[in-house]
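Next up, work15.cif (mmCIF, C-alpha atoms):
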```
data_protein
#
loop_
_atom_site.label_atom_id
_atom_site.label_comp_id
_atom_site.auth_asym_id
_atom_site.auth_seq_id
_atom_site.Cartn_x
_atom_site.Cartn_y
_atom_site.Cartn_z
CA MET K 1 50.95 87.78 144.27
CA PRO K 2 54.33 86.19 145.10
CA ALA K 3 54.79 83.43 147.63
CA ASP K 4 55.48 84.57 151.20
CA HIS K 5 58.92 83.20 151.99
CA SER K 6 58.94 84.78 155.47
CA LYS K 7 57.15 81.67 156.72
CA LYS K 8 59.57 79.11 158.04
CA ARG K 9 59.20 75.58 156.70
CA VAL K 10 58.67 73.25 159.66
CA SER K 11 59.84 69.66 159.09
CA ASP K 12 58.98 70.10 155.40
CA ARG K 13 55.27 70.21 156.29
CA LEU K 14 54.68 73.74 155.05
CA LEU K 15 54.39 73.52 151.28
CA ASP K 16 54.47 76.52 148.96
CA ILE K 17 51.48 76.07 146.65
CA LEU K 18 50.12 78.24 143.86
CA ILE K 19 46.42 78.53 142.97
CA VAL K 20 45.86 79.49 139.32
CA ASP K 21 42.22 80.34 138.53
CA ASP K 22 40.45 83.24 136.82
CA ASP K 23 37.46 82.87 139.16
CA PRO K 24 37.97 85.32 142.07
CA MET K 25 35.63 83.33 144.33
CA ILE K 26 37.71 80.18 143.90
CA ARG K 27 40.91 82.08 144.64
CA LEU K 28 39.43 83.75 147.71
CA LEU K 29 37.89 80.51 148.99
CA LEU K 30 41.05 78.44 148.64
CA GLN K 31 43.53 81.06 149.78
CA GLY K 32 41.48 81.77 152.88
CA GLY K 33 40.39 78.22 153.63
CA ILE K 34 43.43 76.01 153.05
CA ASN K 35 45.24 75.09 156.27
CA ALA K 36 47.89 77.77 156.88
CA ASP K 37 49.75 75.46 159.26
CA ARG K 38 50.53 73.13 156.37
CA PHE K 39 50.51 75.30 153.25
CA SER K 40 51.79 78.70 152.17
CA VAL K 41 49.29 79.77 149.48
CA SER K 42 49.86 82.17 146.60
CA VAL K 43 47.26 82.97 143.92
CA THR K 44 47.03 84.37 140.41
CA ASP K 45 44.27 84.71 137.82
CA SER K 46 46.54 84.49 134.78
CA GLY K 47 48.30 81.63 133.05
CA SER K 48 51.06 83.98 131.89
CA ASP K 49 51.59 85.24 135.43
CA ALA K 50 51.60 81.66 136.72
CA ILE K 51 54.40 80.73 134.32
CA ALA K 52 56.40 83.81 135.36
CA MET K 53 55.85 83.05 139.05
CA CYS K 54 56.97 79.44 138.63
CA ASP K 55 60.04 80.60 136.73
CA ALA K 56 60.90 82.89 139.65
CA ASN K 57 59.95 80.49 142.43
CA PRO K 58 59.90 76.68 142.25
CA PHE K 59 56.56 76.05 143.97
CA ASP K 60 56.08 72.71 145.69
CA PHE K 61 52.65 72.24 144.16
CA VAL K 62 50.21 74.02 141.80
CA ILE K 63 46.40 73.91 141.60
CA LEU K 64 45.61 74.82 138.00
CA ASP K 65 42.35 75.79 136.31
CA TYR K 66 41.83 74.09 132.95
CA ARG K 67 40.10 76.95 131.13
CA MET K 68 41.38 80.49 131.42
CA PRO K 69 41.58 83.47 129.05
CA GLY K 70 44.96 83.93 127.40
CA LYS K 71 47.25 81.05 128.24
CA SER K 72 45.17 78.01 129.11
CA GLY K 73 45.71 75.52 131.88
CA LEU K 74 47.38 73.18 129.41
CA ASP K 75 49.82 75.92 128.39
CA VAL K 76 50.78 76.31 132.04
CA ALA K 77 50.81 72.53 132.54
CA SER K 78 53.40 72.18 129.81
CA THR K 79 55.69 74.56 131.68
CA LEU K 80 55.07 72.82 135.00
CA HIS K 81 55.83 69.46 133.45
CA ARG K 82 59.09 70.78 132.03
CA GLN K 83 60.05 72.31 135.38
CA LYS K 84 59.10 69.14 137.27
CA ILE K 85 56.53 70.96 139.40
CA PRO K 86 53.68 68.61 140.42
CA PHE K 87 50.14 69.87 139.94
CA LEU K 88 46.41 69.11 140.04
CA MET K 89 43.95 70.30 137.39
CA LEU K 90 40.65 72.06 138.16
CA SER K 91 37.70 72.16 135.76
CA ALA K 92 34.02 73.09 135.81
CA PHE K 93 33.32 69.99 133.70
CA SER K 94 33.61 66.28 134.41
CA ASP K 95 34.83 65.33 130.95
CA GLU K 96 36.86 62.17 130.36
CA THR K 97 38.62 63.79 127.39
CA ILE K 98 39.78 66.63 129.60
CA VAL K 99 40.88 64.18 132.30
CA GLN K 100 42.96 62.21 129.82
CA ARG K 101 44.44 65.35 128.31
CA ALA K 102 45.39 66.68 131.74
CA ALA K 103 47.01 63.35 132.62
CA ARG K 104 49.05 63.41 129.41
CA PHE K 105 50.37 66.81 130.44
CA GLY K 106 51.45 65.38 133.79
CA ALA K 107 48.55 66.21 136.12
CA LEU K 108 48.61 64.10 139.28
CA GLY K 109 44.90 64.58 139.82
CA TYR K 110 41.72 66.20 138.52
CA LEU K 111 39.05 68.05 140.52
CA VAL K 112 35.62 69.20 139.34
CA LYS K 113 34.32 72.55 140.63
CA PRO K 114 32.90 73.57 142.98
CA VAL K 115 35.58 72.45 145.39
CA THR K 116 36.18 73.08 149.07
CA PRO K 117 39.54 73.83 150.69
CA LYS K 118 39.39 70.47 152.47
CA GLN K 119 38.82 68.64 149.16
CA VAL K 120 41.84 70.38 147.70
CA GLU K 121 43.98 69.49 150.72
CA LEU K 122 42.93 65.84 150.47
CA ALA K 123 43.63 65.85 146.72
CA ILE K 124 47.11 67.26 147.35
CA ASP K 125 47.76 64.63 150.04
CA THR K 126 46.60 61.89 147.68
CA ALA K 127 48.83 63.17 144.89
CA LEU K 128 51.82 63.39 147.22
CA ALA K 129 51.13 59.87 148.51
CA ARG K 130 51.03 58.61 144.94
CA ALA K 131 54.28 60.42 144.23
CA GLY K 132 55.79 58.88 147.34
CA GLU K 133 54.89 55.39 146.18
CA ILE K 134 56.74 55.97 142.94
CA GLY K 135 59.77 57.34 144.75
CA ASN K 136 59.73 61.15 144.66
CA LEU K 137 57.90 64.09 143.06
CA VAL K 138 60.21 64.34 140.08
CA ARG K 139 59.76 60.64 139.31
CA ALA K 140 55.99 60.99 139.62
CA VAL K 141 55.92 63.66 136.95
CA GLU K 142 58.20 61.58 134.71
CA VAL K 143 55.85 58.60 134.90
CA SER K 144 53.12 60.61 133.19
CA GLY K 145 55.34 61.21 130.13
CA ILE K 146 57.50 58.85 128.04
CA VAL K 147 58.19 56.72 131.13
CA GLY K 148 54.44 56.32 131.63
CA ILE K 149 54.09 54.95 128.10
CA ALA K 150 56.92 52.47 128.65
CA VAL K 151 55.47 51.40 132.00
CA GLY K 152 52.17 50.71 130.25
CA LEU K 153 53.88 48.60 127.60
CA VAL K 154 55.67 46.56 130.27
CA MET K 155 52.39 46.11 132.16
CA VAL K 156 50.67 44.70 129.09
CA SER K 157 53.60 42.56 127.99
CA PHE K 158 54.16 40.91 131.35
CA GLY K 159 50.66 41.12 132.81
CA ILE K 160 51.82 42.95 135.92
CA SER K 161 50.71 46.01 137.91
CA ARG K 162 51.84 49.56 137.27
CA MET K 163 54.10 49.63 140.33
CA ARG K 164 55.69 46.27 139.49
CA ALA K 165 56.25 47.41 135.90
CA LEU K 166 57.92 50.60 137.10
CA GLU K 167 60.11 48.68 139.54
CA LYS K 168 61.04 46.22 136.77
CA LEU K 169 62.28 49.09 134.63
CA ARG K 170 64.11 50.73 137.51
CA SER K 171 65.78 47.45 138.48
CA PHE K 172 66.82 47.05 134.87
CA CYS K 173 68.33 50.55 134.75
CA ARG K 174 70.32 50.59 137.99
CA PRO K 175 73.10 48.08 137.22
CA ARG K 176 73.48 49.47 133.70
CA ASN K 177 73.71 53.09 134.83
CA ARG K 178 70.93 54.24 132.50
CA THR K 179 68.02 56.59 133.20
CA LEU K 180 64.35 55.67 133.06
CA LYS K 181 63.83 58.20 130.29
CA GLU K 182 66.56 56.72 128.11
CA VAL K 183 65.31 53.18 128.56
CA SER K 184 61.68 54.20 128.07
CA LEU K 185 62.49 55.97 124.83
CA GLU K 186 64.27 52.86 123.54
CA ILE K 187 61.30 50.69 124.51
CA THR K 188 58.73 52.90 122.78
CA ASN K 189 60.97 53.12 119.70
CA LEU K 190 61.22 49.32 119.72
CA PHE K 191 57.44 48.96 119.66
CA GLU K 192 57.06 51.58 116.93
CA LEU K 193 59.73 49.89 114.81
CA HIS K 194 57.97 46.53 115.00
CA LEU K 195 54.64 48.08 114.13
CA ASP K 196 56.11 50.02 111.19
CA THR K 197 58.10 47.11 109.72
CA GLY K 198 55.42 44.47 110.21
CA SER K 199 57.88 42.14 111.92
CA GLN K 200 56.71 38.57 112.48
CA LYS K 201 57.94 38.75 116.05
CA SER K 202 55.36 40.35 118.35
CA PRO K 203 56.34 43.60 120.08
CA CYS K 204 55.78 41.90 123.43
CA ASP K 205 58.27 39.15 122.56
CA ALA K 206 60.74 41.77 121.40
CA LEU K 207 60.33 43.63 124.66
CA GLU K 208 60.94 40.49 126.70
CA GLU K 209 64.15 39.86 124.77
CA TYR K 210 65.17 43.47 125.27
CA LEU K 211 64.65 43.34 129.02
CA LYS K 212 66.48 40.01 129.32
CA SER K 213 69.47 41.26 127.34
CA THR K 214 72.64 42.07 129.27
CA ASP K 215 74.21 44.19 126.57
CA LYS K 216 71.31 46.35 125.39
CA ILE K 217 71.23 48.85 128.20
#
```

Output the file's structure as structure tokens, nothing else.
Amino acid sequence: MPADHSKKRVSDRLLDILIVDDDPMIRLLLQGGINADRFSVSVTDSGSDAIAMCDANPFDFVILDYRMPGKSGLDVASTLHRQKIPFLMLSAFSDETIVQRAARFGALGYLVKPVTPKQVELAIDTALARAGEIGNLVRAVEVSGIVGIAVGLVMVSFGISRMRALEKLRSFCRPRNRTLKEVSLEITNLFELHLDTGSQKSPCDALEEYLKSTDKI
């Protein structure tokens, strides 16, 4: 079921969202219960259809079931991550392994069924607020990938918060006209090199030198 583009977006408050779940009750509940003044809701029961729909229409947000026949939620998540479409994962199980796996694929949140439309709306708002703190939706998705790894390494090395670590990297990139992805890849490669070669210098010390350098990046 394609998104209804006849609805006019008012002050960017009406978001086009896609619900992907093979449970008809979940689809019916969410499509009928989510606030129509804020969200334009499309649904599908198939991971393959979800990928096709996202290829045809860049949805603002996706609510994605973890387990589905055919293409799984993670298969769809991989496509969403590549297309920079933010999403939340749904599951019938509260499993830390699943939570971590969903996060690695870029999920901005994780909800355990049964869920109510209001819970989903609040989860979307929370995810968007988190994305806003980072800067924008595209940046939020990036932070869960290679940038997220680099942010974690900077957090540990300097003993600072996630947001301060991200800002440290961004401040480092701006005057050198480099992207977060490029810098993050270099940082992770730096750590891997030190671990592989058994260097006497600690990876944290190497990272500090790297970030203080004026000619590295």

All residues 7 Å or closer to stretch 84-100 of chain K, all atoms listed in the file, same chain fewer than 2 positions away omitted, as a list of chain:residue names
K:Phe59, K:Asp60, K:Phe61, K:Val62, K:Ile63, K:Leu64, K:Asp65, K:Tyr66, K:Leu80, K:His81, K:Arg82, K:Ala102, K:Ala103, K:Arg104, K:Ala107, K:Leu108, K:Gly109, K:Tyr110, K:Leu111, K:Val112, K:Lys113, K:Leu137, K:Val138, K:Val141

In Å, rounded to a single decimal, give me how far atom CA of K:Gly70 is from atom CA of K:Asp16.
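Value for the atom CA of K:Asp16-atom CA of K:Gly70 distance: 24.7 Å.
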
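Near K:Val147, within 7 Å and counting only C-alpha atoms, sit Leu180, Lys181 and Ser184 of chain K; same-chain residues fewer than 6 positions away were not included.
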
Which residue gives the smallest distance to K:Leu15 among K:Leu211, K:Val151, K:Leu128, K:Val115, with all atoms listed in the file counted?
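Of K:Leu211, K:Val151, K:Leu128, K:Val115, the one nearest K:Leu15, counting all atoms listed in the file, is K:Leu128.
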
Counting only C-alpha atoms, what is within 12 Å of stretch 25-28 of chain K, bar same-chain residues fewer than 3 positions away, as an NGL selection string?
:K and (1 or 18-22 or 31-34 or 41-46 or 63-65 or 90-92 or 113-117 or 120)

As a tab-separated table (two decimals), in the coordinates of the input, the rebuilt stretch 80-113 of chain K with N, CA and C atoms:
```tsv
chain	number	residue	atom	x	y	z
K	80	LEU	N	54.90	73.52	133.73
K	80	LEU	CA	55.07	72.82	135.00
K	80	LEU	C	55.72	71.46	134.80
K	81	HIS	N	55.27	70.77	133.75
K	81	HIS	CA	55.83	69.46	133.45
K	81	HIS	C	57.32	69.57	133.15
K	82	ARG	N	57.68	70.58	132.39
K	82	ARG	CA	59.09	70.78	132.03
K	82	ARG	C	59.93	71.13	133.25
K	83	GLN	N	59.33	71.90	134.18
K	83	GLN	CA	60.05	72.31	135.38
K	83	GLN	C	59.95	71.29	136.51
K	84	LYS	N	59.25	70.20	136.27
K	84	LYS	CA	59.10	69.14	137.27
K	84	LYS	C	58.35	69.62	138.50
K	85	ILE	N	57.36	70.50	138.30
K	85	ILE	CA	56.53	70.96	139.40
K	85	ILE	C	55.22	70.18	139.38
K	86	PRO	N	54.91	69.41	140.41
K	86	PRO	CA	53.68	68.61	140.42
K	86	PRO	C	52.45	69.49	140.53
K	87	PHE	N	51.34	69.05	139.92
K	87	PHE	CA	50.14	69.87	139.94
K	87	PHE	C	48.87	69.03	139.81
K	88	LEU	N	47.76	69.65	140.23
K	88	LEU	CA	46.41	69.11	140.04
K	88	LEU	C	45.66	70.04	139.10
K	89	MET	N	44.74	69.49	138.32
K	89	MET	CA	43.95	70.30	137.39
K	89	MET	C	42.55	70.50	137.93
K	90	LEU	N	42.03	71.73	137.81
K	90	LEU	CA	40.65	72.06	138.16
K	90	LEU	C	39.84	72.29	136.89
K	91	SER	N	38.57	71.89	136.90
K	91	SER	CA	37.70	72.16	135.76
K	91	SER	C	36.25	72.24	136.24
K	92	ALA	N	35.45	73.01	135.51
K	92	ALA	CA	34.02	73.09	135.81
K	92	ALA	C	33.27	71.91	135.20
K	93	PHE	N	33.97	71.08	134.42
K	93	PHE	CA	33.32	69.99	133.70
K	93	PHE	C	33.96	68.65	134.04
K	94	SER	N	33.13	67.64	134.22
K	94	SER	CA	33.61	66.28	134.41
K	94	SER	C	33.63	65.60	133.05
K	95	ASP	N	34.70	65.79	132.33
K	95	ASP	CA	34.83	65.33	130.95
K	95	ASP	C	36.02	64.40	130.85
K	96	GLU	N	35.79	63.16	130.42
K	96	GLU	CA	36.86	62.17	130.36
K	96	GLU	C	37.97	62.60	129.41
K	97	THR	N	37.61	63.31	128.34
K	97	THR	CA	38.62	63.79	127.39
K	97	THR	C	39.56	64.77	128.07
K	98	ILE	N	38.97	65.67	128.87
K	98	ILE	CA	39.78	66.63	129.60
K	98	ILE	C	40.67	65.93	130.62
K	99	VAL	N	40.10	64.95	131.31
K	99	VAL	CA	40.88	64.18	132.30
K	99	VAL	C	42.09	63.53	131.65
K	100	GLN	N	41.87	62.88	130.51
K	100	GLN	CA	42.96	62.21	129.82
K	100	GLN	C	44.00	63.20	129.31
K	101	ARG	N	43.52	64.33	128.81
K	101	ARG	CA	44.44	65.35	128.31
K	101	ARG	C	45.29	65.91	129.45
K	102	ALA	N	44.65	66.17	130.58
K	102	ALA	CA	45.39	66.68	131.74
K	102	ALA	C	46.43	65.67	132.20
K	103	ALA	N	46.07	64.40	132.20
K	103	ALA	CA	47.01	63.35	132.62
K	103	ALA	C	48.21	63.28	131.68
K	104	ARG	N	47.95	63.45	130.38
K	104	ARG	CA	49.05	63.41	129.41
K	104	ARG	C	50.02	64.56	129.63
K	105	PHE	N	49.51	65.67	130.15
K	105	PHE	CA	50.37	66.81	130.44
K	105	PHE	C	51.02	66.71	131.81
K	106	GLY	N	50.77	65.62	132.52
K	106	GLY	CA	51.45	65.38	133.79
K	106	GLY	C	50.66	65.63	135.04
K	107	ALA	N	49.35	65.94	134.93
K	107	ALA	CA	48.55	66.21	136.12
K	107	ALA	C	48.50	64.98	137.02
K	108	LEU	N	48.68	65.19	138.31
K	108	LEU	CA	48.61	64.10	139.28
K	108	LEU	C	47.20	63.89	139.81
K	109	GLY	N	46.28	64.72	139.39
K	109	GLY	CA	44.90	64.58	139.82
K	109	GLY	C	44.01	65.56	139.07
K	110	TYR	N	42.70	65.40	139.26
K	110	TYR	CA	41.72	66.20	138.52
K	110	TYR	C	40.52	66.43	139.42
K	111	LEU	N	40.18	67.70	139.65
K	111	LEU	CA	39.05	68.05	140.52
K	111	LEU	C	38.01	68.82	139.73
K	112	VAL	N	36.73	68.52	140.01
K	112	VAL	CA	35.62	69.20	139.34
K	112	VAL	C	35.04	70.24	140.30
K	113	LYS	N	34.92	71.48	139.83
K	113	LYS	CA	34.32	72.55	140.63
K	113	LYS	C	32.83	72.31	140.80
```
